[in-house]
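Student: Sharing query04.cif here; it has mmCIF, C-alpha atoms.
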data_protein
#
loop_
_atom_site.group_PDB
_atom_site.id
_atom_site.type_symbol
_atom_site.label_atom_id
_atom_site.label_comp_id
_atom_site.auth_asym_id
_atom_site.auth_seq_id
_atom_site.Cartn_x
_atom_site.Cartn_y
_atom_site.Cartn_z
ATOM 1 C CA MET A 1 -45.151 -73.372 -197.273
ATOM 2 C CA PHE A 2 -46.962 -74.252 -194.021
ATOM 3 C CA ARG A 3 -50.135 -75.344 -195.682
ATOM 4 C CA GLY A 4 -48.864 -78.886 -196.165
ATOM 5 C CA ALA A 5 -48.485 -79.313 -192.456
ATOM 6 C CA PHE A 6 -52.266 -78.952 -191.871
ATOM 7 C CA PRO A 7 -54.986 -81.389 -192.874
ATOM 8 C CA SER A 8 -57.021 -80.769 -195.970
ATOM 9 C CA GLY A 9 -60.056 -78.561 -195.487
ATOM 10 C CA PHE A 10 -58.400 -76.549 -192.788
ATOM 11 C CA SER A 11 -58.896 -72.816 -193.351
ATOM 12 C CA PHE A 12 -55.670 -71.131 -192.466
ATOM 13 C CA THR A 13 -57.221 -67.639 -192.455
ATOM 14 C CA ARG A 14 -60.091 -68.522 -190.125
ATOM 15 C CA ARG A 15 -58.000 -70.517 -187.673
ATOM 16 C CA CYS A 16 -55.001 -68.278 -187.379
ATOM 17 C CA LEU A 17 -54.847 -66.489 -184.034
ATOM 18 C CA HIS A 18 -53.414 -63.369 -185.621
ATOM 19 C CA THR A 19 -56.339 -62.962 -187.975
ATOM 20 C CA SER A 20 -59.236 -64.260 -185.892
ATOM 21 C CA THR A 21 -61.006 -61.339 -184.237
ATOM 22 C CA ALA A 22 -63.236 -63.520 -182.109
ATOM 23 C CA ARG A 23 -60.282 -65.566 -180.823
ATOM 24 C CA ALA A 24 -58.297 -62.402 -180.025
ATOM 25 C CA ALA A 25 -61.240 -60.932 -178.133
ATOM 26 C CA TRP A 26 -61.589 -64.150 -176.156
ATOM 27 C CA ILE A 27 -57.875 -64.224 -175.248
ATOM 28 C CA PHE A 28 -57.360 -60.596 -174.315
ATOM 29 C CA ARG A 29 -60.671 -59.784 -172.608
ATOM 30 C CA SER A 30 -60.597 -59.012 -168.896
ATOM 31 C CA PRO A 31 -61.819 -61.763 -166.650
ATOM 32 C CA LYS A 32 -65.214 -61.000 -165.117
ATOM 33 C CA ILE A 33 -65.177 -61.182 -161.365
ATOM 34 C CA ASN A 34 -68.414 -61.779 -159.567
ATOM 35 C CA VAL A 35 -68.351 -59.463 -156.529
ATOM 36 C CA PRO A 36 -71.002 -60.038 -153.899
ATOM 37 C CA ALA A 37 -73.511 -57.163 -153.664
ATOM 38 C CA ILE A 38 -72.582 -56.517 -150.039
ATOM 39 C CA TYR A 39 -69.106 -55.375 -151.133
ATOM 40 C CA LYS A 40 -70.267 -53.022 -153.882
ATOM 41 C CA ALA A 41 -70.236 -49.226 -153.374
ATOM 42 C CA ARG A 42 -73.622 -48.012 -152.263
ATOM 43 C CA ARG A 43 -75.075 -44.514 -152.286
ATOM 44 C CA GLU A 44 -76.112 -43.327 -148.872
ATOM 45 C CA PRO A 45 -79.770 -42.318 -148.468
ATOM 46 C CA TRP A 46 -80.452 -38.591 -148.607
ATOM 47 C CA MET A 47 -83.305 -38.537 -146.111
ATOM 48 C CA LYS A 48 -81.292 -38.462 -142.910
ATOM 49 C CA PRO A 49 -82.013 -36.473 -139.726
ATOM 50 C CA THR A 50 -79.056 -34.203 -140.482
ATOM 51 C CA MET A 51 -80.312 -33.434 -143.982
ATOM 52 C CA ILE A 52 -83.843 -32.842 -142.738
ATOM 53 C CA LEU A 53 -82.560 -30.455 -140.061
ATOM 54 C CA LEU A 54 -80.358 -28.573 -142.532
ATOM 55 C CA GLY A 55 -83.309 -28.276 -144.894
ATOM 56 C CA ILE A 56 -85.673 -26.940 -142.243
ATOM 57 C CA MET A 57 -83.297 -24.483 -140.559
ATOM 58 C CA PRO A 58 -83.084 -21.938 -143.439
ATOM 59 C CA ILE A 59 -86.878 -21.808 -143.707
ATOM 60 C CA PHE A 60 -87.392 -21.615 -139.939
ATOM 61 C CA THR A 61 -84.803 -18.872 -139.349
ATOM 62 C CA PHE A 62 -86.070 -16.898 -142.363
ATOM 63 C CA ALA A 63 -89.576 -17.007 -140.894
ATOM 64 C CA LEU A 64 -88.254 -15.748 -137.563
ATOM 65 C CA GLY A 65 -86.397 -12.937 -139.315
ATOM 66 C CA THR A 66 -89.574 -11.931 -141.147
ATOM 67 C CA TRP A 67 -91.515 -11.945 -137.865
ATOM 68 C CA GLN A 68 -88.879 -9.779 -136.163
ATOM 69 C CA LEU A 69 -88.971 -7.388 -139.118
ATOM 70 C CA LYS A 70 -92.698 -6.917 -138.561
ATOM 71 C CA ARG A 71 -92.042 -6.407 -134.842
ATOM 72 C CA LEU A 72 -89.402 -3.794 -135.691
ATOM 73 C CA LYS A 73 -91.867 -1.821 -137.810
ATOM 74 C CA TRP A 74 -94.471 -2.073 -135.043
ATOM 75 C CA LYS A 75 -92.016 -0.857 -132.368
ATOM 76 C CA ILE A 76 -90.844 2.067 -134.511
ATOM 77 C CA ASN A 77 -94.457 3.138 -135.093
ATOM 78 C CA LEU A 78 -95.200 2.800 -131.372
ATOM 79 C CA ILE A 79 -92.201 4.946 -130.384
ATOM 80 C CA ASP A 80 -93.164 7.571 -132.957
ATOM 81 C CA GLU A 81 -96.707 7.622 -131.578
ATOM 82 C CA LEU A 82 -95.466 8.036 -128.001
ATOM 83 C CA GLU A 83 -93.060 10.774 -129.057
ATOM 84 C CA GLU A 84 -95.987 12.640 -130.576
ATOM 85 C CA LYS A 85 -97.886 12.299 -127.297
ATOM 86 C CA LEU A 86 -95.001 13.912 -125.425
ATOM 87 C CA GLN A 87 -95.217 16.969 -127.658
ATOM 88 C CA LEU A 88 -98.869 17.581 -126.772
ATOM 89 C CA PRO A 89 -99.806 20.109 -124.054
ATOM 90 C CA PRO A 90 -100.089 18.626 -120.538
ATOM 91 C CA LEU A 91 -103.473 17.421 -119.331
ATOM 92 C CA SER A 92 -105.095 18.118 -115.987
ATOM 93 C CA LEU A 93 -106.194 14.889 -114.346
ATOM 94 C CA PRO A 94 -109.885 14.677 -113.502
ATOM 95 C CA PRO A 95 -110.935 14.286 -109.833
ATOM 96 C CA ASN A 96 -111.771 10.608 -110.295
ATOM 97 C CA ILE A 97 -109.628 8.937 -112.952
ATOM 98 C CA ASN A 98 -111.059 6.268 -115.241
ATOM 99 C CA LEU A 99 -108.484 3.510 -114.898
ATOM 100 C CA SER A 100 -109.570 1.686 -118.058
ATOM 101 C CA VAL A 101 -108.340 4.493 -120.333
ATOM 102 C CA ILE A 102 -104.920 4.933 -118.737
ATOM 103 C CA PRO A 103 -103.145 2.663 -121.301
ATOM 104 C CA GLU A 104 -104.255 5.077 -124.037
ATOM 105 C CA PHE A 105 -102.578 8.000 -122.238
ATOM 106 C CA VAL A 106 -99.268 6.352 -121.303
ATOM 107 C CA PHE A 107 -96.354 8.803 -121.837
ATOM 108 C CA ARG A 108 -98.814 11.707 -121.969
ATOM 109 C CA ARG A 109 -97.817 14.809 -120.002
ATOM 110 C CA VAL A 110 -100.063 15.671 -117.064
ATOM 111 C CA LEU A 111 -100.282 18.379 -114.404
ATOM 112 C CA VAL A 112 -101.304 17.438 -110.868
ATOM 113 C CA LYS A 113 -101.610 19.581 -107.726
ATOM 114 C CA GLY A 114 -101.723 18.465 -104.119
ATOM 115 C CA ARG A 115 -99.620 17.770 -101.051
ATOM 116 C CA TYR A 116 -97.299 14.852 -100.501
ATOM 117 C CA ASP A 117 -98.097 12.071 -98.044
ATOM 118 C CA HIS A 118 -94.512 11.476 -96.873
ATOM 119 C CA ALA A 119 -95.619 8.891 -94.309
ATOM 120 C CA HIS A 120 -96.281 6.439 -97.146
ATOM 121 C CA THR A 121 -93.157 7.124 -99.198
ATOM 122 C CA ILE A 122 -91.841 4.127 -101.150
ATOM 123 C CA LEU A 123 -88.182 3.652 -102.082
ATOM 124 C CA LEU A 124 -87.647 1.784 -105.329
ATOM 125 C CA SER A 125 -84.177 0.234 -105.445
ATOM 126 C CA PRO A 126 -81.561 -0.392 -106.658
ATOM 127 C CA ARG A 127 -81.279 2.361 -109.255
ATOM 128 C CA VAL A 128 -78.273 3.946 -110.985
ATOM 129 C CA ARG A 129 -77.877 7.436 -112.475
ATOM 130 C CA ASP A 130 -74.614 8.463 -114.138
ATOM 131 C CA GLY A 131 -72.717 5.808 -112.204
ATOM 132 C CA VAL A 132 -74.213 6.830 -108.839
ATOM 133 C CA HIS A 133 -76.184 4.186 -106.930
ATOM 134 C CA GLY A 134 -79.404 5.198 -105.244
ATOM 135 C CA VAL A 135 -83.181 4.855 -105.181
ATOM 136 C CA HIS A 136 -86.293 6.345 -106.727
ATOM 137 C CA VAL A 137 -88.597 8.155 -104.308
ATOM 138 C CA ILE A 138 -92.295 7.416 -104.835
ATOM 139 C CA THR A 139 -94.706 9.454 -102.719
ATOM 140 C CA PRO A 140 -98.530 9.585 -102.781
ATOM 141 C CA LEU A 141 -99.896 12.995 -103.804
ATOM 142 C CA ILE A 142 -103.155 13.898 -102.079
ATOM 143 C CA ARG A 143 -105.288 16.087 -104.315
ATOM 144 C CA GLU A 144 -107.815 18.307 -102.582
ATOM 145 C CA ASN A 145 -110.461 17.945 -105.259
ATOM 146 C CA GLY A 146 -109.739 14.402 -106.267
ATOM 147 C CA SER A 147 -108.213 11.042 -105.518
ATOM 148 C CA THR A 148 -104.642 10.347 -104.403
ATOM 149 C CA VAL A 149 -102.123 9.334 -107.068
ATOM 150 C CA LEU A 150 -98.557 7.998 -106.894
ATOM 151 C CA VAL A 151 -95.722 10.284 -108.003
ATOM 152 C CA ASP A 152 -92.203 9.094 -108.779
ATOM 153 C CA ARG A 153 -90.326 12.217 -107.677
ATOM 154 C CA GLY A 154 -87.027 10.952 -109.075
ATOM 155 C CA PHE A 155 -83.574 9.691 -108.151
ATOM 156 C CA VAL A 156 -81.738 10.175 -104.849
ATOM 157 C CA SER A 157 -78.306 8.724 -104.091
ATOM 158 C CA ASN A 158 -77.833 6.237 -101.274
ATOM 159 C CA ASP A 159 -75.946 8.871 -99.242
ATOM 160 C CA PHE A 160 -79.166 10.845 -98.664
ATOM 161 C CA ILE A 161 -81.674 8.059 -98.047
ATOM 162 C CA SER A 162 -81.771 8.727 -94.309
ATOM 163 C CA SER A 163 -82.515 12.442 -94.846
ATOM 164 C CA ILE A 164 -85.221 12.135 -97.480
ATOM 165 C CA ASN A 165 -88.045 13.015 -95.103
ATOM 166 C CA SER A 166 -86.154 15.956 -93.584
ATOM 167 C CA GLN A 167 -85.878 17.563 -97.025
ATOM 168 C CA ALA A 168 -89.458 16.771 -97.994
ATOM 169 C CA GLU A 169 -91.541 19.418 -99.709
ATOM 170 C CA GLU A 170 -94.373 20.719 -97.554
ATOM 171 C CA GLY A 171 -97.585 22.393 -98.582
ATOM 172 C CA GLU A 172 -99.243 22.293 -101.962
ATOM 173 C CA VAL A 173 -97.049 21.472 -104.954
ATOM 174 C CA GLU A 174 -97.640 21.327 -108.672
ATOM 175 C CA VAL A 175 -96.072 18.395 -110.501
ATOM 176 C CA LEU A 176 -95.423 18.125 -114.213
ATOM 177 C CA GLY A 177 -95.038 14.506 -115.134
ATOM 178 C CA MET A 178 -96.014 11.750 -117.519
ATOM 179 C CA LEU A 179 -98.442 8.917 -117.011
ATOM 180 C CA ARG A 180 -96.922 5.457 -116.789
ATOM 181 C CA ASN A 181 -98.170 1.982 -115.984
ATOM 182 C CA SER A 182 -96.683 -1.035 -114.246
ATOM 183 C CA GLN A 183 -93.396 -2.148 -115.759
ATOM 184 C CA PRO A 184 -92.768 -5.838 -116.488
ATOM 185 C CA ARG A 185 -90.359 -7.655 -114.197
ATOM 186 C CA ASN A 186 -87.559 -9.691 -115.745
ATOM 187 C CA VAL A 187 -86.378 -13.059 -114.451
ATOM 188 C CA PHE A 188 -83.459 -11.539 -112.543
ATOM 189 C CA THR A 189 -85.538 -9.042 -110.533
ATOM 190 C CA PRO A 190 -86.648 -10.322 -107.116
ATOM 191 C CA ASP A 191 -90.224 -10.079 -105.892
ATOM 192 C CA ASN A 192 -91.323 -6.985 -104.047
ATOM 193 C CA ASP A 193 -91.629 -7.285 -100.254
ATOM 194 C CA PRO A 194 -94.183 -4.623 -99.238
ATOM 195 C CA GLU A 195 -94.338 -5.793 -95.617
ATOM 196 C CA ASN A 196 -90.648 -5.008 -95.142
ATOM 197 C CA GLY A 197 -90.700 -1.927 -97.378
ATOM 198 C CA LYS A 198 -88.535 -3.444 -100.121
ATOM 199 C CA TRP A 199 -89.516 -2.577 -103.659
ATOM 200 C CA TYR A 200 -87.545 -3.630 -106.739
ATOM 201 C CA TRP A 201 -89.901 -2.986 -109.643
ATOM 202 C CA THR A 202 -92.917 -0.813 -110.381
ATOM 203 C CA ASP A 203 -96.104 -2.620 -109.420
ATOM 204 C CA VAL A 204 -98.679 0.185 -109.397
ATOM 205 C CA GLU A 205 -101.521 -1.913 -107.972
ATOM 206 C CA LYS A 206 -99.488 -3.155 -104.999
ATOM 207 C CA MET A 207 -97.970 0.268 -104.391
ATOM 208 C CA ALA A 208 -101.428 1.842 -104.251
ATOM 209 C CA GLU A 209 -102.540 -0.785 -101.743
ATOM 210 C CA SER A 210 -99.429 -0.107 -99.639
ATOM 211 C CA ALA A 211 -100.275 3.614 -99.587
ATOM 212 C CA GLY A 212 -103.768 2.977 -98.219
ATOM 213 C CA GLY A 213 -105.647 1.582 -101.169
ATOM 214 C CA GLU A 214 -109.211 2.343 -102.125
ATOM 215 C CA ALA A 215 -110.206 2.928 -98.501
ATOM 216 C CA ALA A 216 -107.848 5.925 -98.338
ATOM 217 C CA GLY A 217 -108.838 7.188 -101.783
ATOM 218 C CA VAL A 218 -105.586 6.063 -103.421
ATOM 219 C CA GLN A 219 -105.963 5.122 -107.083
ATOM 220 C CA PRO A 220 -103.403 2.988 -108.936
ATOM 221 C CA VAL A 221 -102.271 5.911 -111.095
ATOM 222 C CA PHE A 222 -98.530 6.375 -111.567
ATOM 223 C CA VAL A 223 -96.955 9.705 -112.589
ATOM 224 C CA GLU A 224 -93.225 10.106 -113.251
ATOM 225 C CA GLN A 225 -92.111 13.657 -112.480
ATOM 226 C CA ILE A 226 -90.297 15.372 -115.359
ATOM 227 C CA PHE A 227 -87.019 17.226 -114.878
ATOM 228 C CA GLU A 228 -86.261 19.710 -117.655
ATOM 229 C CA GLY A 229 -83.240 21.428 -116.113
ATOM 230 C CA HIS A 230 -79.667 21.376 -117.368
ATOM 231 C CA ALA A 231 -76.812 19.099 -116.250
ATOM 232 C CA GLY A 232 -75.454 21.620 -113.740
ATOM 233 C CA GLU A 233 -78.789 21.883 -111.972
ATOM 234 C CA ALA A 234 -79.084 18.101 -111.900
ATOM 235 C CA ASN A 235 -75.657 17.811 -110.235
ATOM 236 C CA THR A 236 -76.661 20.413 -107.645
ATOM 237 C CA ARG A 237 -79.848 18.536 -106.781
ATOM 238 C CA LEU A 238 -77.897 15.275 -106.644
ATOM 239 C CA SER A 239 -75.342 16.718 -104.211
ATOM 240 C CA LYS A 240 -78.098 18.068 -101.928
ATOM 241 C CA GLY A 241 -80.206 14.921 -101.917
ATOM 242 C CA ILE A 242 -83.110 16.509 -103.804
ATOM 243 C CA PRO A 243 -84.961 14.038 -106.062
ATOM 244 C CA ILE A 244 -84.184 14.382 -109.770
ATOM 245 C CA GLY A 245 -87.033 13.579 -112.115
ATOM 246 C CA ARG A 246 -86.732 11.860 -115.453
ATOM 247 C CA THR A 247 -86.168 13.435 -118.852
ATOM 248 C CA PRO A 248 -89.229 13.659 -121.131
ATOM 249 C CA THR A 249 -88.171 10.919 -123.532
ATOM 250 C CA VAL A 250 -89.531 7.549 -124.591
ATOM 251 C CA ASP A 251 -87.340 4.880 -123.038
ATOM 252 C CA LEU A 252 -88.818 1.814 -124.706
ATOM 253 C CA ARG A 253 -86.199 -0.749 -125.620
ATOM 254 C CA ASN A 254 -85.964 -1.591 -129.314
ATOM 255 C CA SER A 255 -83.641 -4.519 -130.073
ATOM 256 C CA HIS A 256 -85.605 -5.957 -132.984
ATOM 257 C CA LEU A 257 -83.099 -4.767 -135.591
ATOM 258 C CA SER A 258 -80.351 -6.913 -134.051
ATOM 259 C CA TYR A 259 -82.754 -9.865 -133.997
ATOM 260 C CA VAL A 260 -83.580 -9.317 -137.682
ATOM 261 C CA ILE A 261 -79.890 -9.326 -138.619
ATOM 262 C CA THR A 262 -79.245 -12.419 -136.491
ATOM 263 C CA TRP A 263 -82.068 -14.538 -137.906
ATOM 264 C CA PHE A 264 -81.510 -13.592 -141.541
ATOM 265 C CA SER A 265 -77.768 -14.243 -141.171
ATOM 266 C CA LEU A 266 -78.486 -17.696 -139.725
ATOM 267 C CA SER A 267 -80.906 -18.364 -142.564
ATOM 268 C CA ALA A 268 -78.271 -17.497 -145.187
ATOM 269 C CA LEU A 269 -75.584 -19.532 -143.399
ATOM 270 C CA THR A 270 -77.709 -22.659 -143.010
ATOM 271 C CA ALA A 271 -78.922 -22.373 -146.617
ATOM 272 C CA PHE A 272 -75.299 -22.272 -147.796
ATOM 273 C CA MET A 273 -74.454 -25.295 -145.636
ATOM 274 C CA PHE A 274 -77.420 -27.212 -147.027
ATOM 275 C CA PHE A 275 -76.355 -26.380 -150.617
ATOM 276 C CA ARG A 276 -72.790 -27.545 -149.975
ATOM 277 C CA VAL A 277 -73.994 -30.829 -148.499
ATOM 278 C CA LEU A 278 -76.197 -31.416 -151.549
ATOM 279 C CA VAL A 279 -73.288 -30.753 -153.916
ATOM 280 C CA ASN A 280 -71.024 -33.119 -151.978
ATOM 281 C CA LYS A 281 -73.729 -35.779 -152.037
ATOM 282 C CA ARG A 282 -73.957 -35.594 -155.811
ATOM 283 C CA LYS A 283 -70.192 -35.829 -156.253
ATOM 284 C CA SER A 284 -69.752 -38.679 -153.802
ATOM 285 C CA PRO A 285 -69.789 -42.151 -155.539
ATOM 286 C CA GLY A 286 -71.042 -43.785 -152.430
ATOM 287 C CA ARG A 287 -69.657 -45.499 -149.422
ATOM 288 C CA ARG A 288 -66.410 -47.311 -150.139
ATOM 289 C CA MET A 289 -66.278 -50.828 -148.778
ATOM 290 C CA PRO A 290 -63.045 -52.625 -147.823
ATOM 291 C CA ARG A 291 -61.366 -54.756 -150.502
ATOM 292 C CA PHE A 292 -60.677 -58.440 -150.003
ATOM 293 C CA LYS A 293 -57.832 -60.236 -151.791
#
As structure tokens, how would this structure be written, given the file I've shared?
Tutor:
Amino acid sequence: MFRGAFPSGFSFTRRCLHTSTARAAWIFRSPKINVPAIYKARREPWMKPTMILLGIMPIFTFALGTWQLKRLKWKINLIDELEEKLQLPPLSLPPNINLSVIPEFVFRRVLVKGRYDHAHTILLSPRVRDGVHGVHVITPLIRENGSTVLVDRGFVSNDFISSINSQAEEGEVEVLGMLRNSQPRNVFTPDNDPENGKWYWTDVEKMAESAGGEAAGVQPVFVEQIFEGHAGEANTRLSKGIPIGRTPTVDLRNSHLSYVITWFSLSALTAFMFFRVLVNKRKSPGRRMPRFK
């Protein structure tokens, strides 16, 4: 009944809002807002110093762990080799010792005979044995048929330092010991002061010079006397101020296993951190910018 209200030629079906799909889409579509590019969410770049560092750390720490693992195997083999040397029969030192081969015989048992030169005794301090503070007594041993060598006779407590010479062994003695070389000094150990008779670490070359050097026939050969007695005998010697030699064991420090665990643990931890950062980067839509009304 409404057709008469419209002019002729007017298509009621095409013009009606309820039946025109195009007109409905035009009316109900969301308005398009032109947002400047500066306000749009942007993804942050991945190549940042933090990401580079997190990516390098797992590889670097894993390499250090692998290196320490090789060092651990080397140290274990070295200790086993030195332990085997200790089981060999003791050697008799030749009259004139070839110094160039001493590193090959370190920790090897030796037998030396001679008489002590107590006038050139060296006190190596500070040393501790079973909670007792004291010194190590190093005395040149003059061999009748050979050169003079240095012998570390062992530990004496501080209470008997003044009476060391009064209890000195006289005449010819036979010493069972092991060959050693100079020991490295750490950063906390002070320098030796030979002029004032203060020695803090084993410097075989300087000790030999202090005992007379080449002019007096003293060679830089260092022998640590071995004590194979029981604990009761050691306590008796300690209470009387008699030097106590060392036990025939290899005392090389081996901390490489702890280093291996440390570096591999750091490698796993930093790898996990790097993975988590990558996952968070993928999930993050980008940096949110403030909205303006």
Student: Can you list, as a list in words, the residues that the PyMOL selection byres ((chain A and resi 270) around 9) selects here?
Tutor: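 When the PyMOL selection byres ((chain A and resi 270) around 9) is applied to the shown file, the picked residues are Leu54, Gly55, Met57, Pro58, Thr61, Ser265, Leu266, Ser267, Ala268, Leu269, Ala271, Phe272, Met273, Phe274 and Phe275 of chain A.
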Student: Would you save the residues from that selection as an mmCIF file, in the frame of the given file, using C-alpha atoms?
Tutor:
data_model
loop_
_atom_site.group_PDB
_atom_site.id
_atom_site.type_symbol
_atom_site.label_atom_id
_atom_site.label_comp_id
_atom_site.auth_asym_id
_atom_site.auth_seq_id
_atom_site.Cartn_x
_atom_site.Cartn_y
_atom_site.Cartn_z
ATOM 1 C CA LEU A 54 -80.358 -28.573 -142.532
ATOM 2 C CA GLY A 55 -83.309 -28.276 -144.894
ATOM 3 C CA MET A 57 -83.297 -24.483 -140.559
ATOM 4 C CA PRO A 58 -83.084 -21.938 -143.439
ATOM 5 C CA THR A 61 -84.803 -18.872 -139.349
ATOM 6 C CA SER A 265 -77.768 -14.243 -141.171
ATOM 7 C CA LEU A 266 -78.486 -17.696 -139.725
ATOM 8 C CA SER A 267 -80.906 -18.364 -142.564
ATOM 9 C CA ALA A 268 -78.271 -17.497 -145.187
ATOM 10 C CA LEU A 269 -75.584 -19.532 -143.399
ATOM 11 C CA ALA A 271 -78.922 -22.373 -146.617
ATOM 12 C CA PHE A 272 -75.299 -22.272 -147.796
ATOM 13 C CA MET A 273 -74.454 -25.295 -145.636
ATOM 14 C CA PHE A 274 -77.420 -27.212 -147.027
ATOM 15 C CA PHE A 275 -76.355 -26.380 -150.617
#
Student: Might you pull out every residue within 8 Å of Leu93 of chain A, with all atoms listed in the file counted and same-chain residues fewer than 2 positions away left off, and present them as an mmCIF file with C-alpha atoms, in the frame of the given file?
Tutor:
data_model
loop_
_atom_site.group_PDB
_atom_site.id
_atom_site.type_symbol
_atom_site.label_atom_id
_atom_site.label_comp_id
_atom_site.auth_asym_id
_atom_site.auth_seq_id
_atom_site.Cartn_x
_atom_site.Cartn_y
_atom_site.Cartn_z
ATOM 1 C CA LEU A 91 -103.473 17.421 -119.331
ATOM 2 C CA PRO A 95 -110.935 14.286 -109.833
ATOM 3 C CA ILE A 97 -109.628 8.937 -112.952
ATOM 4 C CA VAL A 110 -100.063 15.671 -117.064
ATOM 5 C CA LEU A 111 -100.282 18.379 -114.404
ATOM 6 C CA VAL A 112 -101.304 17.438 -110.868
#
Student: With the PyMOL selection byres ((chain A and resi 224) around 7) as the selection, what would be picked from this file? Answer as a list in words, please.
Tutor: Val151, Asp152, Arg153, Gly177, Met178, Leu179, Arg180, Phe222, Val223, Gln225 and Ile226 of chain A
Student: Restricting it to C-alpha atoms, dump the selection as a PDB file, in the frame of the given file.
Tutor:
ATOM      1  CA  VAL A 151     -95.722  10.284-108.003  1.00  0.00           C
ATOM      2  CA  ASP A 152     -92.203   9.094-108.779  1.00  0.00           C
ATOM      3  CA  ARG A 153     -90.326  12.217-107.677  1.00  0.00           C
ATOM      4  CA  GLY A 177     -95.038  14.506-115.134  1.00  0.00           C
ATOM      5  CA  MET A 178     -96.014  11.750-117.519  1.00  0.00           C
ATOM      6  CA  LEU A 179     -98.442   8.917-117.011  1.00  0.00           C
ATOM      7  CA  ARG A 180     -96.922   5.457-116.789  1.00  0.00           C
ATOM      8  CA  PHE A 222     -98.530   6.375-111.567  1.00  0.00           C
ATOM      9  CA  VAL A 223     -96.955   9.705-112.589  1.00  0.00           C
ATOM     10  CA  GLN A 225     -92.111  13.657-112.480  1.00  0.00           C
ATOM     11  CA  ILE A 226     -90.297  15.372-115.359  1.00  0.00           C
TER      12      ILE A 226
END
Student: Specify as a ChimeraX atom specification each residue included when the PyMOL selection byres ((chain A and resi 144-150) around 10) is applied to this file.
Tutor: /A:93-97,112-117,121-122,138-143,151-153,172,204,207-208,211-214,216-224
Student: Can you measure atom CA of Gln87 of chain A to atom CA of Pro184 of chain A for me? One decimal in Å is fine.
Tutor: 25.5 Å
Student: Tell me, in Å to one decimal, how far atom CA of Asn165 of chain A is from atom CA of Lys198 of chain A.
Tutor: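 We find that atom CA of Asn165 of chain A and atom CA of Lys198 of chain A lie 17.2 Å from each other.
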Student: Name the residues within 12 Å of (-88.8, 3.1, -123.1), counting all atoms listed in the file in the file's coordinates, and put them as an MDAnalysis selection string.
Tutor: chainID A and resid 75:76 78:80 82:83 106:107 180:181 183:184 246:255
Student: Tell me which of A:Ser210, A:Arg276, A:Val260, A:Lys240 sits closest to His120 of chain A, counting all atoms listed in the file.
Tutor: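 Using all atoms listed in the file, the shortest distance to His120 of chain A belongs to A:Ser210.
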Student: Would you compute the distance between atom CA of Asp191 of chain A and atom CA of Val156 of chain A? Give it in Å to one decimal.
Tutor: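 Going from atom CA of Asp191 of chain A over to atom CA of Val156 of chain A, I get 22.0 Å.
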Student: Is it possible to get the axis-aligned box enclosing segment 149-157 of chain A (all listed atoms, 3 Å extra per side) as AutoDock Vina command-line options, with centre and edge lengths in Å rounded to one decimal?
Tutor:
--center_x -90.2 --center_y 10.1 --center_z -106.6 --size_x 29.8 --size_y 10.2 --size_z 11.0
Student: Using only C-alpha atoms, which residue out of A:Arg129, A:Lys281, A:Lys48, A:Lys85 lies closest to Gly245 of chain A?
Tutor: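 Smallest distance to Gly245 of chain A is found for A:Arg129.
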Student: For a quick check of understanding, using only C-alpha atoms, which of A:Leu69, A:Val135, A:Leu86, A:Ile244 has the smallest distance to Trp199 of chain A?
Tutor: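 Closest to Trp199 of chain A of all the choices is A:Val135.
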